[in-house]
Amino acid sequence: MKQHPLCTDPDHGPTVMDLPIMEGLKAEWAELETRRHFLGKAGKVLGWAALASLFGDRVLTGDARADNVAVPPSPQSLRLPHFAPKAKRAIYLFMSGGPPQMDLLDYKPNLAQLYDKDIPDSVRGAQQLTGMTAGQARFPIAPSHWAFKQYGKSGTWVSDLMPYMARMVDDLTIIKSTNTDAINHEPAIMLLNTGNMNAGKPCLGAWLSYGLGSMNDNLPTFMVLLSKLNPKENNQPVSSRLWSSGFLSSEYAGVGLRSAGDPVLYLSDPKGVDGGVRRKMLDAVNEINRQTYQELGDPETNSRISRYEMAYRMQTSVPELTDMSKEPQSTWDLYGPDAKEPGTFAYNCLMARRMAERGVRYTQIYKRGWDVHANVTGILPVLCQETDRPAYALITDLKQRGLLDDTLVIWGGEFGRTVYSQGGLSPDNYGRDHHPRCFTTWMAGGGVRPGITYGETDEYSYNVVKDPVPVRDFNATILHCLGIDHNKLTYKFQGLDQKLTGTTPASVVNGLLA
Amino acid sequence: MRFSKVLSNGRPIKPVWVASLLASVLLLLLPSIFRLDGKTHADWQQFLGRFHPLVVHLPIGLILLVPLLEMAGRARPALLEAATFILSLSVFSCLLALTLGYLLAYGSGDAGAGLARHMWGGILLTIGVLACALLRGASGGLRGLYPWMLTCVLLLLAWTAHQGGSLTHGNNYLTQYLPEPLKRLTGMGTVHAKTFAYPDSFYAKHIYPIFDANCVACHGEGKVKANLRLDSYDRLMRGGEDGAVVIPGDPARSTLFKRVTLPPDDKKFMPSEGKPPLKAEEIAWIKAWIAQGASPELKTLAGISVREEEPPLPQVADYSGMMGQISQTAKSAGVTLVPVSKNLGDGLILNTVDAGTKFGDAQLAGLEKFAPYIVEVELGRTSVTDACFATLAKFSQLRAIHLEGTAVTGAGLAKLTQLPQLRYLNLSGTQVTQAAVAPLSSMKSLRHLYLYNTPAQPASTVADGQSTARKEP
C-alpha cells in the first residue's frame, strides 16, 4: 500500500495530527485525546478486571481464545448461592387465573349454613372490588359445592375434587395466607412472577439464572412450558413478559417449549441442510455478530451469540429430552394417559421431571383456565381432573427418584377467589370473582417443611387472620430455599439496587422452612 | 438515765444497743414468724412489695458511699460527719428494703432456695449495717472492730445483691455472654446439661425446654411460686399448692394448659407479669403431649412434626489456592467442580451432566486428589461401574452420592460405610440387590437411600406405586 505523504506512523493511517494545522490546536487536541483515551481505557480495564474475577477460572486456565479476547464472553451468572442451599433447582406449577381456595384446600365448614346469606360488610371492609362484581346488589355466600375430608398424618382437609393431592398432603407445605396487592390478572401475575406489577422487571427464573447459573451446557438454565388451552375454560393470556429477563441480560430469560408440534421451532435442520452446513452458517453469523460487538459494544450482541450456540447444542439435547419412548410403563401409570399427549399439563409435569434430571435449574409450567367467574361446578372438576393427578405424579416421581430432596416444587396462582358468588347463585352453581386478600398455595421438596399448613384465614376465607405471607415474602422464601439471600441478589438499574422482592422490606417465612 | 444499766466494768449500756439487739433478734426470727409457705397472701402486701426492686437500690448506693466517705474524710474531715449521717440513713433504708422485700415474697407466695439465700443475705446485711453504725459510734471513726465489720458488710452486700439479681434475671444472666475463653477458664456460664431418664423422649427434647425457657425462673429451684416446680418430670406431675397441674390425657382440665391458654390480660395468665406468652407451636406441643398421656418416655406424638435443628455443615479445608488446578483437571475430564456456595468451606459438587457416559471410573479416580474438598458427586447416567466404590470410599467428605441409572450392581457398596458423613445415596435404576445394600443399614449418617427401580426395591413399595425407600430419620 502506498504510504500517505503526510503519514508519520506506518502502522496506523493518518490522523488529525498529521494535518497541516496550527500547532497550538494540535496540542489542545492531543490533550483531549489523552484524557479520552485515559478514561476510556480506565473503564475498559475496570470492566475486564470485573469480568476476569467473574469467571477467573476460565481466563486463568488458558481457555481464553483469541476471539474470546476480541469479544468478551457473554455475562456470567453470579455463581451464588450465598449459603449452602437445600434445593438446587425449582419447578413452579403456575395456576394462571386464580384457583378458588375455598373449593380446594381452604376448608370452611361453616359456610354451608350461610348459603345465600350476604357476606357481612365488616368482613369486606372498604375493599374496592373488580368491575365485574362491583355493581352487584348482593354478595351472597356460595359455600363450596364439594365435600372435604381429612387426609394424611397431618389431618389436612382436602376437597373431593383433588383425590390425588389428598394422597400427598404429608409431603406438602400448604400456605393458606398468601396474599397479593393486585386484583386483576395482568398486574397480579406480573407481581407473582417478577415481584412488580409493572412489566419490565426480571422474573424469578431470570433472577435464579443470573444468581445461580447453569448446571449443564446443553439445555437452558430456565425453561418455560405452556400447557395447551382447554376451550371450555376461561383462559387468561400469559405472555413472555412473565419469563422475561427485564434489565438483566437476555440470556437469563426463560426458553419456552411449544405445546404442539416441534417443541422448539426451526430447531431441526431443514431438508437438504446437514449439521455441517448449519455449523458453518452459525460460525459465519457469529463472526458478523462479533464484528457488530466490536463496533457497538452492546453486550446483548454477545447474548445473541451465546443463544445461537445454545440453540445449536439444543439440536441434539432437545430431541433426547422430548423422546419419551424409553419411559417405562410405570411412568404412564403414574402420570396418567394425558401425559402421552404433548402439551398437556401432565406431559409438562413429566417433562419437568426429565429436565430436572438433566440439570435444568428452573422450570415454570403455566396451566391456564382457573379464572372461574361462572359455572364453577361445571369447570372446576375439569381443571382438577387436568392438574390434580399430574401434580401428584410429579411430586411422587421426584420423591421416588431421590430428586425431591433438592428440588423445590411450587404450586399457586396469582390470587384467590371470592367466597361470594359472582352472578347468580343457585344450589347447583355459582361463580367466583378475583380475590387478592388470601389465596392458597403450596410448596414441596428441598428446603420446606413437609406436612404442615401455614397461616389461617377467617371463616369466610376472605381475610388472613394469622401469619400472612405477602408475595414478596413468598418469593424471598423461594430464594432462601435455593441458598439466596433476597437482599443480596441485586442488580443496579435506574439508580436502584433492584431485587426480586422489591423495595418494601420482605422477609423469609421461617415457619415454612424445614 | 432511768433505763441505763451498768456493766460489771462500770461502763453504762446505752439503750440504743439494747434496742438494736432486740431488733436483730426480731429480724432473725422473722422467717419463722411469717413462714414463706409458697402461698399467696394479701394483695396490699404485693402492691407494696413490688416497690422492693426500686427501693433496694437505695441502701446499695448508700452503703457503698460509706467507705468512700471514710477514706475521703482523711483529707476533708467534714466528710467524716457525712459518713455518720449516710451510715444511719443506710440502716433505715436497709430496714425499708427488707420490709418491702419480705412483703413481696410473702404476699406473692414466693419460696425456694435462691429466694431464701437472698432473704438471709438481706437480714444479715441489715444487722451488719446496724452493727457498723453502733461500732462507729463507739470507736468514733475508722478504728477498732468497725473497719472489719464494714468490710464484711460490703462483701455481704455484693453477694446478696447478686442473689437478688439472679432471682429476677435468671441464674446465668451475667455469664451468658461471657467471652468463650473466659468461660472455659472459669468454668462459669456453661449450662450443665440436664439429665433425663429418657433423653430421646418428646418430653426431654421438646416439652422440658419450653418450661425451662418460660417457667422455671419462677417455678424452679431458685424461686418456687405457688409451691410448683417444673424443673423435673416428677415435680411437674406432683403439681403445686392447688394440686396436680397436668392431668394425663385431658389438657382441658390440666391447670398448666389452662393457664397458658387464657387471654393474655387475664390475671391468671401464665407466664405472668408481662413475660412473652408461649408460642402457638409450643402450646400445640403441650396440648398434644398432655392429650397423649403426658408420658416421660414417648418419643413422638401423633399429629406433631417437629423441625429438627440441623447441625452446621462440616467444613472442608481451604482449597482457594488450588482453584486453577481444580478447574483445569475438571475441564479435561469434561466435568465441573462447583462450589456449594460462596462459602468455600461448604465444599465442591462434582457435576458430570455434560460428560455423561464419557465419564467413567478412570476419570473419577483422576479427581481423587481433590477428594478432601468434594462433598457431593453427581454420577447419574455416567459409565462408572462397581469399581467406583473403592474410589468413592476415599472421598471422606462426601455427603451425597448420585449413581442413578449407572451400571453398578452393588459389589463393593459396603466400602461406602467408611464415609462418616454420607447422608444421601441414590441407586435408582441400577442393578443393586437387597444383599448388596444390606451393609448400609449400619450407617448412622445415611438418611436418604433411594432404590427405585432396582432389584433391591422392597416388594411392598412396588405394589402400591410408592416406590421410595426413604429411611426414616
# chains A, B, ... in the order shown; residues from 1 in each chain; ligands from 1
>>> closest_atom_pairs(of="chain B", to="chain A", cutoff="9 Å", atoms="only C-alpha atoms", output="Markdown table")
| residue | atom | partner | partner_atom | distance |
| --- | --- | --- | --- | --- |
| B:Ala302 | CA | A:Lys153 | CA | 7.4 |
| B:Gly303 | CA | A:Ser154 | CA | 5.5 |
| B:Ile304 | CA | A:Ser154 | CA | 7.8 |
| B:Ser305 | CA | A:Gly451 | CA | 7.8 |
| B:Arg307 | CA | A:Ala514 | CA | 6.3 |
| B:Glu308 | CA | A:Ala514 | CA | 7.8 |
| B:Leu313 | CA | A:Ala84 | CA | 8.4 |
| B:Met323 | CA | A:Asp57 | CA | 7.2 |
| B:Gly324 | CA | A:Asp57 | CA | 6.0 |
| B:Gln325 | CA | A:Thr61 | CA | 8.3 |
| B:Ser327 | CA | A:Asp57 | CA | 6.5 |
| B:Gln328 | CA | A:Thr61 | CA | 6.3 |
| B:Thr336 | CA | A:Met215 | CA | 9.0 |
| B:Val338 | CA | A:Arg79 | CA | 8.8 |
| B:Pro339 | CA | A:Arg79 | CA | 8.5 |
| B:Val340 | CA | A:Ala84 | CA | 5.8 |
| B:Ser341 | CA | A:Pro81 | CA | 4.8 |
| B:Lys342 | CA | A:His82 | CA | 5.1 |
| B:Asn343 | CA | A:Phe83 | CA | 6.5 |
| B:Asp346 | CA | A:Ala84 | CA | 6.7 |
| B:Asn351 | CA | A:Met215 | CA | 7.7 |
| B:Thr352 | CA | A:Asn216 | CA | 8.6 |
| B:Val353 | CA | A:Asn216 | CA | 6.2 |
| B:Asp354 | CA | A:Asn216 | CA | 5.9 |
| B:Gly380 | CA | A:Glu357 | CA | 8.8 |
| B:His402 | CA | A:Gly402 | CA | 9.0 |
| B:Glu404 | CA | A:Arg401 | CA | 8.2 |
| B:Tyr424 | CA | A:Gly402 | CA | 8.7 |
| B:Leu425 | CA | A:Gly402 | CA | 8.5 |
| B:Asn426 | CA | A:Gly402 | CA | 6.3 |
| B:Leu427 | CA | A:Arg401 | CA | 8.8 |
| B:Ser428 | CA | A:Arg401 | CA | 6.2 |
| B:Gly429 | CA | A:Arg401 | CA | 8.6 |
| B:His448 | CA | A:Gly402 | CA | 7.9 |
| B:Leu449 | CA | A:Gly402 | CA | 8.0 |
| B:Tyr450 | CA | A:Gly402 | CA | 5.8 |
| B:Leu451 | CA | A:Arg401 | CA | 8.0 |
| B:Tyr452 | CA | A:Gln400 | CA | 5.9 |
| B:Asn453 | CA | A:Arg401 | CA | 8.7 |
| B:Gly465 | CA | A:Leu334 | CA | 7.7 |
| B:Gln466 | CA | A:Gln400 | CA | 7.2 |
| B:Ser467 | CA | A:Gln400 | CA | 5.6 |
| B:Thr468 | CA | A:Gln400 | CA | 4.2 |
| B:Ala469 | CA | A:Gln400 | CA | 7.4 |
| B:Arg470 | CA | A:Gln400 | CA | 8.4 |
>>> select_by_dssp(residues="stretch 182-328 of chain B", states="alpha helix (DSSP H)", output="PyMOL selection string")
chain B and resi 182-186+202+208-214+233-238+255-261+280-291+323-328
>>> write_last_selection(atoms="C-alpha atoms", output="compact mmCIF listing (two decimals), in the first residue's frame")
# COMPACT_ATOMS: atom_id res chain seq x y z
CA LEU B 182 -13.06 -16.79 79.91
CA LYS B 183 -15.90 -19.28 80.17
CA ARG B 184 -13.51 -22.15 79.72
CA LEU B 185 -11.04 -20.63 82.15
CA THR B 186 -13.54 -20.02 84.92
CA PHE B 202 -40.62 -35.85 73.41
CA TYR B 208 -38.98 -29.54 79.10
CA PRO B 209 -37.12 -26.87 77.09
CA ILE B 210 -40.37 -24.85 76.90
CA PHE B 211 -40.71 -24.93 80.70
CA ASP B 212 -37.04 -24.22 81.14
CA ALA B 213 -37.18 -21.11 78.98
CA ASN B 214 -40.51 -19.74 80.20
CA TYR B 233 -40.85 -34.50 85.34
CA ASP B 234 -41.65 -35.78 88.82
CA ARG B 235 -42.12 -32.33 90.28
CA LEU B 236 -44.25 -31.30 87.31
CA MET B 237 -46.56 -34.25 87.82
CA ARG B 238 -46.66 -33.69 91.58
CA THR B 255 -54.31 -26.30 85.08
CA LEU B 256 -50.97 -25.86 83.33
CA PHE B 257 -52.57 -25.94 79.90
CA LYS B 258 -55.48 -23.76 81.01
CA ARG B 259 -53.18 -21.11 82.43
CA VAL B 260 -51.04 -20.74 79.31
CA THR B 261 -54.08 -20.53 77.04
CA ALA B 280 -48.66 -21.24 69.28
CA GLU B 281 -46.46 -24.15 68.32
CA GLU B 282 -45.31 -24.67 71.90
CA ILE B 283 -48.90 -24.63 73.12
CA ALA B 284 -49.80 -27.18 70.45
CA TRP B 285 -46.99 -29.44 71.61
CA ILE B 286 -48.00 -29.16 75.27
CA LYS B 287 -51.62 -29.88 74.36
CA ALA B 288 -50.73 -32.92 72.27
CA TRP B 289 -48.29 -34.16 74.86
CA ILE B 290 -50.85 -33.99 77.67
CA ALA B 291 -53.60 -35.38 75.45
CA MET B 323 -8.70 -23.22 42.06
CA GLY B 324 -6.72 -23.16 38.81
CA GLN B 325 -5.64 -26.75 39.18
CA ILE B 326 -9.14 -27.87 40.10
CA SER B 327 -10.85 -26.27 37.14
CA GLN B 328 -8.09 -27.45 34.79
>>> residues_around(residues="A:Ser159", least_positions_apart="6", cutoff="8 Å", atoms="only C-alpha atoms", output="PyMOL selection string")
chain A and resi 103-105+107+146-149
>>> closest_residue(among="B:Ala133, B:Leu95, B:Leu228, B:Ile13", to="B:Gly112", atoms="only C-alpha atoms")
B:Leu228
>>> closest_residue(among="A:Leu46, A:Ile288, A:Leu242, A:Leu204", to="A:Asn475", atoms="only C-alpha atoms")
A:Leu204
>>> residues_around(residues="stretch 409-417 of chain B", least_positions_apart="5", cutoff="8 Å", atoms="only C-alpha atoms", output="ChimeraX atom specification")
/B:385-387,389-390,392-393,430-433,436-437,439-440,442-443
>>> write_last_selection(atoms="C-alpha atoms", output="compact mmCIF listing (two decimals), in the first residue's frame")
# COMPACT_ATOMS: atom_id res chain seq x y z
CA THR B 385 -19.07 -49.26 37.49
CA ASP B 386 -18.70 -51.08 40.79
CA ALA B 387 -15.06 -50.07 40.75
CA PHE B 389 -16.98 -47.61 45.29
CA ALA B 390 -13.32 -48.14 46.16
CA LEU B 392 -15.54 -43.03 46.49
CA ALA B 393 -14.61 -44.56 49.84
CA THR B 430 -29.29 -49.65 38.90
CA GLN B 431 -28.98 -53.39 39.37
CA VAL B 432 -28.19 -53.30 43.07
CA THR B 433 -29.68 -56.09 45.13
CA ALA B 436 -25.62 -55.57 48.36
CA VAL B 437 -27.49 -52.78 50.12
CA PRO B 439 -24.43 -53.44 54.90
CA LEU B 440 -25.51 -49.80 54.52
CA SER B 442 -25.19 -49.87 59.78
CA MET B 443 -24.56 -46.29 58.62
>>> atom_distance(atom1="atom CA of B:Pro420", atom2="atom CA of B:Ala204")
27.3 Å
>>> residues_around(residues="stretch 261-268 of chain A", least_positions_apart="4", cutoff="12 Å", atoms="only C-alpha atoms", output="PyMOL selection string")
chain A and resi 223-226+228+255-257+272-275+278+308-323+341-343+348+351
>>> residues_around(residues="A:Asn179", least_positions_apart="6", cutoff="10 Å", atoms="only C-alpha atoms", output="PyMOL selection string")
chain A and resi 414-416+435-441+463-464+468-474
>>> write_last_selection(atoms="C-alpha atoms", output="PDB file, in the first residue's frame")
ATOM      1  CA  GLU A 414     -51.856 -15.060  41.015  1.00  0.00           C
ATOM      2  CA  PHE A 415     -54.705 -14.613  43.502  1.00  0.00           C
ATOM      3  CA  GLY A 416     -57.649 -16.387  45.081  1.00  0.00           C
ATOM      4  CA  HIS A 435     -59.805 -12.153  45.431  1.00  0.00           C
ATOM      5  CA  PRO A 436     -56.381 -10.797  46.380  1.00  0.00           C
ATOM      6  CA  ARG A 437     -56.672 -10.826  50.172  1.00  0.00           C
ATOM      7  CA  CYS A 438     -55.996 -14.515  50.609  1.00  0.00           C
ATOM      8  CA  PHE A 439     -55.233 -17.493  48.466  1.00  0.00           C
ATOM      9  CA  THR A 440     -53.813 -20.926  48.984  1.00  0.00           C
ATOM     10  CA  THR A 441     -50.504 -22.092  47.563  1.00  0.00           C
ATOM     11  CA  ASN A 463     -59.124 -12.100  55.199  1.00  0.00           C
ATOM     12  CA  VAL A 464     -55.939 -13.542  56.576  1.00  0.00           C
ATOM     13  CA  PRO A 468     -49.914 -13.522  56.349  1.00  0.00           C
ATOM     14  CA  VAL A 469     -47.499 -14.307  53.519  1.00  0.00           C
ATOM     15  CA  PRO A 470     -47.348 -11.431  51.035  1.00  0.00           C
ATOM     16  CA  VAL A 471     -45.925 -12.131  47.586  1.00  0.00           C
ATOM     17  CA  ARG A 472     -42.561 -10.596  48.444  1.00  0.00           C
ATOM     18  CA  ASP A 473     -42.159 -12.907  51.443  1.00  0.00           C
ATOM     19  CA  PHE A 474     -43.279 -15.857  49.328  1.00  0.00           C
TER      20      PHE A 474
END
>>> residues_around(residues="stretch 496-503 of chain A", least_positions_apart="4", cutoff="10 Å", atoms="only C-alpha atoms", output="number ranges by chain")
A: 191-196, 201-204, 206-208, 247, 471-476, 479, 486-492, 507
>>> atom_distance(atom1="atom CA of B:Asp266", atom2="atom CA of B:Lys279")
17.1 Å
>>> closest_residue(among="B:Leu80, B:Thr99, B:Val335, B:Ser93", to="B:Gly141", atoms="only C-alpha atoms")
B:Leu80
>>> select_by_dssp(residues="stretch 206-314 of chain A", states="strand (DSSP E or B)", output="ChimeraX atom specification")
/A:222-226,234,255-257
>>> write_last_selection(atoms="N, CA and C atoms", output="compact mmCIF listing (two decimals), in the first residue's frame")
# COMPACT_ATOMS: atom_id res chain seq x y z
N PHE A 222 -33.24 -21.99 32.35
CA PHE A 222 -34.60 -21.63 32.74
C PHE A 222 -35.52 -21.98 31.58
N MET A 223 -36.42 -22.91 31.80
CA MET A 223 -37.32 -23.34 30.73
C MET A 223 -38.77 -23.06 31.12
N VAL A 224 -39.56 -22.77 30.12
CA VAL A 224 -40.97 -22.45 30.33
C VAL A 224 -41.81 -23.42 29.52
N LEU A 225 -42.79 -24.02 30.15
CA LEU A 225 -43.68 -24.95 29.46
C LEU A 225 -45.10 -24.42 29.55
N LEU A 226 -45.67 -24.13 28.40
CA LEU A 226 -47.06 -23.68 28.38
C LEU A 226 -47.94 -24.89 28.14
N ASN A 234 -61.96 -20.63 31.04
CA ASN A 234 -61.80 -19.19 30.84
C ASN A 234 -60.31 -18.87 30.92
N VAL A 255 -36.68 -20.01 28.31
CA VAL A 255 -36.80 -20.55 26.96
C VAL A 255 -38.03 -21.44 26.95
N GLY A 256 -38.96 -21.10 26.08
CA GLY A 256 -40.21 -21.84 26.07
C GLY A 256 -40.15 -23.06 25.17
N LEU A 257 -40.82 -24.12 25.60
CA LEU A 257 -41.05 -25.26 24.71
C LEU A 257 -42.50 -25.17 24.28
>>> closest_residue(among="A:Met102, A:Val123, A:Leu114, A:Val285", to="A:Leu380", atoms="only C-alpha atoms")
A:Met102
